[in-house]
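Peer 1: To be precise about what I am sending: the file is called final.txt and holds compact mmCIF, C-alpha atoms.
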```txt
# COMPACT_ATOMS: atom_id res chain seq x y z
CA MET K 1 -15.60 21.19 27.48
CA ASP K 2 -14.66 18.66 24.82
CA THR K 3 -16.02 19.22 21.32
CA PRO K 4 -18.14 16.28 20.18
CA ILE K 5 -16.51 14.57 17.20
CA GLY K 6 -19.81 14.56 15.30
CA SER K 7 -20.17 18.34 15.37
CA GLN K 8 -18.98 20.61 12.57
CA ALA K 9 -15.87 21.87 14.37
CA GLN K 10 -12.57 21.87 12.46
CA LEU K 11 -10.58 18.67 13.02
CA LYS K 12 -6.86 18.08 12.64
CA LEU K 13 -5.74 15.22 10.37
CA MET K 14 -2.37 13.45 10.47
CA ILE K 15 -1.36 11.13 7.61
CA VAL K 16 0.97 8.18 8.27
CA ASP K 17 2.35 6.13 5.36
CA ASP K 18 5.86 5.16 4.28
CA SER K 19 5.00 6.11 0.70
CA ASN K 20 5.31 9.81 -0.03
CA ILE K 21 2.98 9.34 -3.01
CA ILE K 22 0.24 7.93 -0.80
CA ARG K 23 0.72 10.68 1.81
CA ARG K 24 0.35 13.35 -0.86
CA ARG K 25 -2.55 11.55 -2.50
CA ILE K 26 -4.55 11.36 0.73
CA GLU K 27 -3.89 15.04 1.41
CA ARG K 28 -4.91 15.98 -2.14
CA SER K 29 -7.94 13.71 -2.39
CA GLN K 30 -9.63 14.13 0.95
CA GLN K 31 -12.61 16.42 0.49
CA ILE K 32 -13.96 16.60 4.03
CA ALA K 33 -14.14 20.36 4.49
CA ARG K 34 -13.56 20.37 8.23
CA LEU K 35 -10.43 18.23 8.08
CA GLU K 36 -7.20 20.19 8.10
CA VAL K 37 -3.95 18.28 7.48
CA VAL K 38 -1.51 19.17 10.25
CA GLY K 39 1.29 16.80 9.35
CA ALA K 40 2.47 13.58 7.75
CA ALA K 41 4.89 10.88 8.90
CA GLY K 42 6.69 8.06 7.08
CA ASN K 43 6.91 5.55 9.92
CA GLY K 44 5.32 4.76 13.27
CA ARG K 45 8.06 6.28 15.39
CA ASP K 46 7.93 9.64 13.61
CA ALA K 47 4.14 9.47 13.78
CA VAL K 48 4.18 9.20 17.59
CA ASP K 49 6.50 12.24 17.82
CA LEU K 50 4.34 14.23 15.41
CA PHE K 51 1.21 13.19 17.26
CA ARG K 52 2.56 14.58 20.53
CA ARG K 53 3.40 17.89 18.86
CA THR K 54 0.28 18.41 16.71
CA GLN K 55 -2.40 16.52 18.69
CA PRO K 56 -4.54 15.53 15.70
CA ASP K 57 -8.15 14.40 16.07
CA VAL K 58 -8.02 12.04 13.08
CA VAL K 59 -5.23 9.83 11.72
CA THR K 60 -4.89 7.75 8.55
CA MET K 61 -2.51 4.90 9.29
CA ASP K 62 -0.56 2.55 7.02
CA LEU K 63 0.42 -0.79 8.58
CA THR K 64 3.55 -2.04 6.80
CA MET K 65 6.21 0.55 7.63
CA PRO K 66 9.86 0.62 8.74
CA GLU K 67 10.96 1.55 12.29
CA MET K 68 7.55 0.95 13.91
CA ASP K 69 4.62 -0.75 12.18
CA GLY K 70 1.10 0.60 12.10
CA ILE K 71 -0.44 -1.77 14.63
CA GLU K 72 2.13 -0.77 17.28
CA CYS K 73 1.66 2.87 16.36
CA VAL K 74 -2.15 2.62 16.71
CA GLN K 75 -1.67 1.27 20.24
CA GLN K 76 0.68 4.09 21.19
CA LEU K 77 -1.55 6.83 19.74
CA VAL K 78 -4.63 5.47 21.50
CA ALA K 79 -2.66 5.37 24.77
CA LEU K 80 -1.80 9.05 24.27
CA ASN K 81 -5.38 10.02 23.34
CA PRO K 82 -8.16 7.42 23.60
CA LYS K 83 -10.50 9.72 21.65
CA VAL K 84 -8.38 9.87 18.47
CA LEU K 85 -10.13 8.51 15.38
CA ILE K 86 -7.86 6.22 13.32
CA LEU K 87 -8.57 5.03 9.79
CA VAL K 88 -6.19 2.24 8.80
CA VAL K 89 -5.28 2.51 5.10
CA SER K 90 -3.37 -0.62 4.19
CA ALA K 91 -2.81 -3.20 1.45
CA LEU K 92 -3.02 -6.01 4.01
CA ALA K 93 -6.35 -7.43 2.93
CA ASP K 94 -6.87 -10.35 5.31
CA LYS K 95 -9.73 -10.18 7.78
CA ALA K 96 -7.52 -11.08 10.76
CA THR K 97 -5.37 -7.98 10.30
CA ALA K 98 -8.40 -5.70 10.07
CA VAL K 99 -9.82 -7.27 13.24
CA GLU K 100 -6.49 -6.88 15.05
CA ALA K 101 -6.24 -3.21 14.07
CA ILE K 102 -9.75 -2.55 15.36
CA GLU K 103 -9.03 -4.45 18.58
CA LYS K 104 -5.93 -2.30 19.15
CA GLY K 105 -7.97 0.87 18.83
CA ALA K 106 -8.45 1.73 15.14
CA ASN K 107 -11.93 2.87 14.14
CA GLY K 108 -12.03 1.98 10.44
CA PHE K 109 -10.18 0.10 7.70
CA LEU K 110 -9.71 1.06 4.04
CA CYS K 111 -7.94 -1.40 1.78
CA LYS K 112 -5.40 -0.20 -0.81
CA PRO K 113 -5.69 0.40 -3.69
CA PHE K 114 -8.48 2.92 -3.17
CA THR K 115 -10.32 5.47 -5.25
CA ASP K 116 -10.82 9.09 -4.12
CA ARG K 117 -14.47 8.30 -3.57
CA GLN K 118 -13.68 5.30 -1.34
CA LEU K 119 -11.26 7.41 0.71
CA ASN K 120 -13.82 10.14 1.28
CA GLU K 121 -16.59 7.68 2.10
CA ALA K 122 -14.33 5.98 4.66
CA LEU K 123 -13.39 9.32 6.26
CA ALA K 124 -17.02 10.45 6.31
CA GLU K 125 -18.05 7.20 7.96
CA LEU K 126 -15.26 7.59 10.50
CA LEU K 127 -16.58 11.04 11.40
CA GLY K 128 -20.18 9.87 11.54
CA GLU K 129 -21.08 11.89 8.45
CA ALA K 130 -21.87 9.02 6.08
CA MET N 131 5.44 -24.33 -5.93
CA LEU N 132 2.33 -22.31 -6.60
CA LYS N 133 -1.12 -23.75 -7.18
CA GLU N 134 -3.27 -22.39 -9.98
CA ALA N 135 -5.62 -20.68 -7.50
CA GLU N 136 -2.63 -18.97 -5.87
CA ILE N 137 -1.47 -17.58 -9.20
CA ARG N 138 -5.02 -16.35 -9.76
CA THR N 139 -4.76 -14.39 -6.50
CA PHE N 140 -1.81 -12.41 -7.88
CA ILE N 141 -3.48 -11.92 -11.27
CA ASP N 142 -6.59 -10.55 -9.56
CA GLY N 143 -4.47 -8.27 -7.36
CA THR N 144 -2.66 -6.90 -10.41
CA THR N 145 -5.88 -6.36 -12.37
CA ASN N 146 -7.49 -4.62 -9.40
CA TYR N 147 -4.48 -2.34 -8.89
CA PHE N 148 -4.47 -1.00 -12.45
CA GLU N 149 -8.25 -0.70 -12.63
CA THR N 150 -8.45 1.23 -9.35
CA THR N 151 -5.29 3.33 -9.44
CA GLY N 152 -4.71 3.56 -13.19
CA GLN N 153 -8.43 3.90 -13.95
CA GLN N 154 -8.05 1.52 -16.84
CA ALA N 155 -7.92 -2.26 -16.83
CA ALA N 156 -4.61 -3.97 -17.59
CA SER N 157 -4.40 -6.93 -19.89
CA VAL N 158 -2.70 -9.80 -18.10
CA GLY N 159 -1.03 -12.41 -20.30
CA SER N 160 -0.72 -16.10 -19.58
CA PRO N 161 1.53 -16.72 -16.60
CA TYR N 162 4.61 -18.81 -17.35
CA LEU N 163 7.21 -20.63 -15.32
CA VAL N 164 10.93 -19.90 -15.57
CA THR N 165 13.31 -22.47 -14.15
CA ASP N 166 16.70 -20.81 -14.59
CA GLY N 167 16.36 -18.27 -11.75
CA LYS N 168 16.24 -15.40 -14.25
CA PRO N 169 12.68 -14.10 -14.55
CA GLY N 170 13.94 -10.80 -16.00
CA SER N 171 13.22 -7.19 -15.14
CA TYR N 172 12.62 -3.70 -16.51
CA GLU N 173 14.12 -0.35 -15.48
CA TYR N 174 12.50 -0.18 -12.01
CA THR N 175 11.72 -3.07 -9.68
CA GLY N 176 9.96 -3.13 -6.31
CA VAL N 177 10.81 -6.27 -4.35
CA ILE N 178 8.80 -7.61 -1.39
CA GLY N 179 10.33 -10.29 0.82
CA ILE N 180 7.89 -12.97 1.93
CA SER N 181 8.25 -14.84 5.22
CA GLY N 182 6.02 -16.78 7.59
CA ALA N 183 4.02 -19.67 6.14
CA ARG N 184 5.58 -19.05 2.67
CA LYS N 185 9.09 -17.91 1.87
CA GLY N 186 10.48 -16.10 -1.14
CA ILE N 187 9.87 -12.84 -2.98
CA VAL N 188 7.26 -11.08 -5.06
CA TYR N 189 8.42 -8.32 -7.36
CA PHE N 190 6.81 -5.84 -9.72
CA THR N 191 9.03 -4.53 -12.48
CA ALA N 192 8.18 -1.82 -15.01
CA PRO N 193 9.67 0.79 -17.34
CA ARG N 194 9.67 4.47 -16.42
CA GLY N 195 7.05 5.27 -19.09
CA MET N 196 4.39 3.08 -17.48
CA LEU N 197 5.15 4.39 -14.01
CA THR N 198 4.98 7.99 -15.16
CA VAL N 199 1.55 7.48 -16.71
CA LEU N 200 0.38 5.80 -13.50
CA LEU N 201 1.54 8.85 -11.56
CA MET N 202 -0.40 11.10 -13.93
CA ARG N 203 -3.51 9.01 -13.35
CA MET N 204 -3.02 9.54 -9.61
CA GLN N 205 -2.92 13.33 -10.22
CA GLU N 206 0.71 13.30 -9.05
CA THR N 207 2.79 16.09 -10.56
CA ASP N 208 6.17 15.04 -9.18
CA TRP N 209 7.70 12.55 -11.63
CA SER N 210 11.17 12.61 -10.12
CA GLU N 211 13.40 9.55 -9.78
CA GLU N 212 12.52 9.31 -6.07
CA THR N 213 8.80 9.36 -6.79
CA ILE N 214 9.10 6.74 -9.55
CA LYS N 215 10.99 4.49 -7.11
CA ASP N 216 8.39 5.14 -4.41
CA LEU N 217 5.63 4.11 -6.83
CA VAL N 218 7.21 0.87 -8.01
CA GLY N 219 7.66 -0.16 -4.37
CA GLU N 220 4.10 0.80 -3.53
CA VAL N 221 2.68 -1.28 -6.43
CA ALA N 222 4.65 -4.33 -5.25
CA ASN N 223 3.55 -3.72 -1.65
CA THR N 224 -0.11 -3.34 -2.59
CA ILE N 225 -0.35 -6.45 -4.78
CA SER N 226 1.56 -8.54 -2.20
CA GLY N 227 -0.49 -7.23 0.71
CA ASN N 228 -3.74 -7.88 -1.13
CA ALA N 229 -2.66 -11.52 -1.54
CA ARG N 230 -3.21 -11.98 2.19
CA ARG N 231 -6.94 -11.99 1.45
CA ASP N 232 -6.38 -15.56 0.22
CA PHE N 233 -3.03 -16.55 1.79
CA GLY N 234 -3.93 -15.32 5.28
CA LYS N 235 -2.11 -13.40 7.97
CA ASN N 236 0.91 -15.73 8.00
CA PHE N 237 1.85 -14.51 4.53
CA VAL N 238 4.19 -11.88 5.98
CA ILE N 239 5.39 -9.12 3.67
CA SER N 240 8.42 -6.87 4.10
CA VAL N 241 8.65 -3.19 3.29
CA PRO N 242 9.69 -2.77 -0.36
CA THR N 243 13.26 -2.73 -1.62
CA VAL N 244 13.66 -0.84 -4.90
CA ILE N 245 16.23 -1.62 -7.58
CA ALA N 246 16.65 0.91 -10.40
CA HIS N 247 18.74 0.84 -13.58
CA ASP N 248 20.49 -2.38 -12.58
CA PRO N 249 18.59 -5.44 -13.89
CA ASP N 250 21.47 -7.78 -12.96
CA LYS N 251 20.77 -7.04 -9.30
CA VAL N 252 17.22 -8.38 -9.62
CA THR N 253 17.58 -12.03 -8.73
CA ALA N 254 15.21 -14.76 -7.63
CA PRO N 255 16.01 -16.79 -4.48
CA HIS N 256 14.96 -20.04 -6.17
CA PRO N 257 15.35 -21.25 -9.76
CA ARG N 258 11.58 -21.59 -10.26
CA ALA N 259 9.52 -18.43 -10.53
CA TYR N 260 6.16 -17.58 -12.09
CA VAL N 261 6.02 -14.57 -14.36
CA ILE N 262 2.72 -12.73 -14.91
CA PRO N 263 3.01 -10.45 -17.99
CA ILE N 264 1.12 -7.15 -17.70
CA ASN N 265 0.16 -4.85 -20.57
CA TRP N 266 -1.30 -1.43 -19.83
CA ARG N 267 -1.65 1.51 -22.21
CA ALA N 268 1.03 0.30 -24.64
CA HIS N 269 3.48 -0.42 -21.82
CA SER N 270 4.62 -3.83 -20.61
CA ALA N 271 5.55 -4.86 -17.09
CA LYS N 272 5.82 -8.07 -15.07
CA LEU N 273 4.83 -9.42 -11.71
CA VAL N 274 7.20 -12.17 -10.60
CA VAL N 275 6.22 -14.61 -7.85
CA CYS N 276 8.99 -16.83 -6.49
CA LEU N 277 7.84 -18.78 -3.44
CA GLU N 278 8.99 -22.05 -1.89
```
Any chance you could put this one into structure tokens?

Peer 2:
Amino acid sequence: MDTPIGSQAQLKLMIVDDSNIIRRRIERSQQIARLEVVGAAGNGRDAVDLFRRTQPDVVTMDLTMPEMDGIECVQQLVALNPKVLILVVSALADKATAVEAIEKGANGFLCKPFTDRQLNEALAELLGEA
Amino acid sequence: MLKEAEIRTFIDGTTNYFETTGQQAASVGSPYLVTDGKPGSYEYTGVIGISGARKGIVYFTAPRGMLTVLLMRMQETDWSEETIKDLVGEVANTISGNARRDFGKNFVISVPTVIAHDPDKVTAPHPRAYVIPINWRAHSAKLVVCLE
């Protein structure tokens, strides 16, 4: 039986961003106790490979990346697992991009730059814990 | 050519970046126009190519000292050359991406290109560029906006 996402089970988190600083910062700053980081990728293509191997429940996703951008990656991850929860973390601040990301299957949007508090609030909201 | 409101967009993006990430507001000087294609640069420069409805570049350029303090404020303990270059690109990417709030989705930004220790390589594609001076914790930096 599938574990409901709103329960207190441990969840696997994958971080996708072309900036190593941002990948490390998200890993360091996220305070959701039941999230365990299982991997990080620097572009969409690597993220799809890592996703297949680690099968995360939750993903933070940058949009502007080399190789494969975040919107394309969101589509591919959702095709692999429609239940994955994706928080887009991007500097692209226009409404149309946020709407497109949601339409392609993302579940939330956090605009860079962000504070630790904003990151944790966005993750909590994504998990239905806000 | 940039309108006053468009310059304000980049000033606001810069102010917001330092306030949020650096946890201390930056003082932004009066923007000025250079017309010789040489807006100048510091030790590290993150360049974003702009395409779509507008064409040109936006770059953020700063000395290592400022970037190191920014890393400290982010609780980052790796201050290596690679990390400094990563940061300068990320600042340029964030300020440029935030500009889409006003410029819209057709303000298309590239991934950052980073130039380090070679100011002669930092060139503007057009003679006219706006320079936004930034002062933060005794360090100076610049945001340069060069758009058709």

Peer 1: Select all residues from chain K having any atom no more than 9 Å from an atom of chain N (counting only C-alpha atoms, ignoring ligands), output as a PyMOL selection string.

Peer 2: chain K and resi 18-22+24-25+28+64-66+90-97+111-115

Peer 1: Please identify all polymer residues within 9 Å of K:Asn81, counting all atoms listed in the file, omitting same-chain residues fewer than 5 positions from it, and present them as a PDB file with C-alpha atoms, keeping the file's coordinate frame.

Peer 2:
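Here's the written file part-v8.pdb:
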```pdb
ATOM      1  CA  GLN K  55      -2.400  16.520  18.690  1.00  0.00           C
ATOM      2  CA  ASP K  57      -8.150  14.400  16.070  1.00  0.00           C
ATOM      3  CA  GLN K  76       0.680   4.090  21.190  1.00  0.00           C
TER       4      GLN K  76
END
```

Peer 1: Report, in Å with one decimal, the straight-line distance from atom CA of N:Asp166 to atom CA of N:Ala135.

Peer 2: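 Separation of atom CA of N:Asp166 and atom CA of N:Ala135: 23.4 Å.
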
Peer 1: Write out as a PyMOL selection string each polymer residue whose atoms come within 8 Å of N:Thr165, counting only C-alpha atoms; drop sequence neighbours fewer than 2 positions from it.

Peer 2: chain N and resi 163+167-168+257-259

Peer 1: Could you pull out every residue with an atom within 12 Å of (8.1, 9.9, 22.9), file coordinates, counting all atoms listed in the file, and send them as a CSV table (one decimal) with C-alpha atoms, keeping the file's coordinate frame?

Peer 2:
```csv
chain,number,residue,atom,x,y,z
K,44,GLY,CA,5.3,4.8,13.3
K,45,ARG,CA,8.1,6.3,15.4
K,46,ASP,CA,7.9,9.6,13.6
K,47,ALA,CA,4.1,9.5,13.8
K,48,VAL,CA,4.2,9.2,17.6
K,49,ASP,CA,6.5,12.2,17.8
K,50,LEU,CA,4.3,14.2,15.4
K,51,PHE,CA,1.2,13.2,17.3
K,52,ARG,CA,2.6,14.6,20.5
K,53,ARG,CA,3.4,17.9,18.9
K,73,CYS,CA,1.7,2.9,16.4
K,76,GLN,CA,0.7,4.1,21.2
K,77,LEU,CA,-1.6,6.8,19.7
K,79,ALA,CA,-2.7,5.4,24.8
K,80,LEU,CA,-1.8,9.0,24.3
```

Peer 1: Atom CA of N:Met202 to atom CA of N:Ile264: how many Å, to one decimal?

Peer 2: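 Computing it gives 18.7 Å between the two atoms.
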
Peer 1: Selecting C-alpha atoms, how would stretch 78-101 of chain K from this structure be written as a PDB file, in the first residue's frame?

Peer 2:
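Generated output (out.pdb):
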```pdb
ATOM      1  CA  VAL K  78       6.210  13.558 -13.450  1.00  0.00           C
ATOM      2  CA  ALA K  79       6.010  11.057 -16.333  1.00  0.00           C
ATOM      3  CA  LEU K  80       8.212   8.686 -14.329  1.00  0.00           C
ATOM      4  CA  ASN K  81       6.246   9.187 -11.089  1.00  0.00           C
ATOM      5  CA  PRO K  82       3.047  11.260 -11.137  1.00  0.00           C
ATOM      6  CA  LYS K  83       3.037  11.346  -7.316  1.00  0.00           C
ATOM      7  CA  VAL K  84       6.396  13.123  -6.944  1.00  0.00           C
ATOM      8  CA  LEU K  85       6.180  16.491  -5.193  1.00  0.00           C
ATOM      9  CA  ILE K  86       8.225  19.184  -6.966  1.00  0.00           C
ATOM     10  CA  LEU K  87       9.103  22.583  -5.521  1.00  0.00           C
ATOM     11  CA  VAL K  88      10.513  24.871  -8.206  1.00  0.00           C
ATOM     12  CA  VAL K  89      13.244  27.114  -6.750  1.00  0.00           C
ATOM     13  CA  SER K  90      14.118  29.663  -9.408  1.00  0.00           C
ATOM     14  CA  ALA K  91      15.090  33.286  -9.989  1.00  0.00           C
ATOM     15  CA  LEU K  92      12.611  33.530 -12.871  1.00  0.00           C
ATOM     16  CA  ALA K  93      10.095  35.774 -11.192  1.00  0.00           C
ATOM     17  CA  ASP K  94       7.432  36.262 -13.862  1.00  0.00           C
ATOM     18  CA  LYS K  95       3.973  34.860 -13.243  1.00  0.00           C
ATOM     19  CA  ALA K  96       3.822  33.092 -16.625  1.00  0.00           C
ATOM     20  CA  THR K  97       6.820  30.904 -15.775  1.00  0.00           C
ATOM     21  CA  ALA K  98       5.367  29.917 -12.411  1.00  0.00           C
ATOM     22  CA  VAL K  99       2.062  29.040 -14.088  1.00  0.00           C
ATOM     23  CA  GLU K 100       3.839  27.003 -16.774  1.00  0.00           C
ATOM     24  CA  ALA K 101       5.824  25.064 -14.165  1.00  0.00           C
TER      25      ALA K 101
END
```
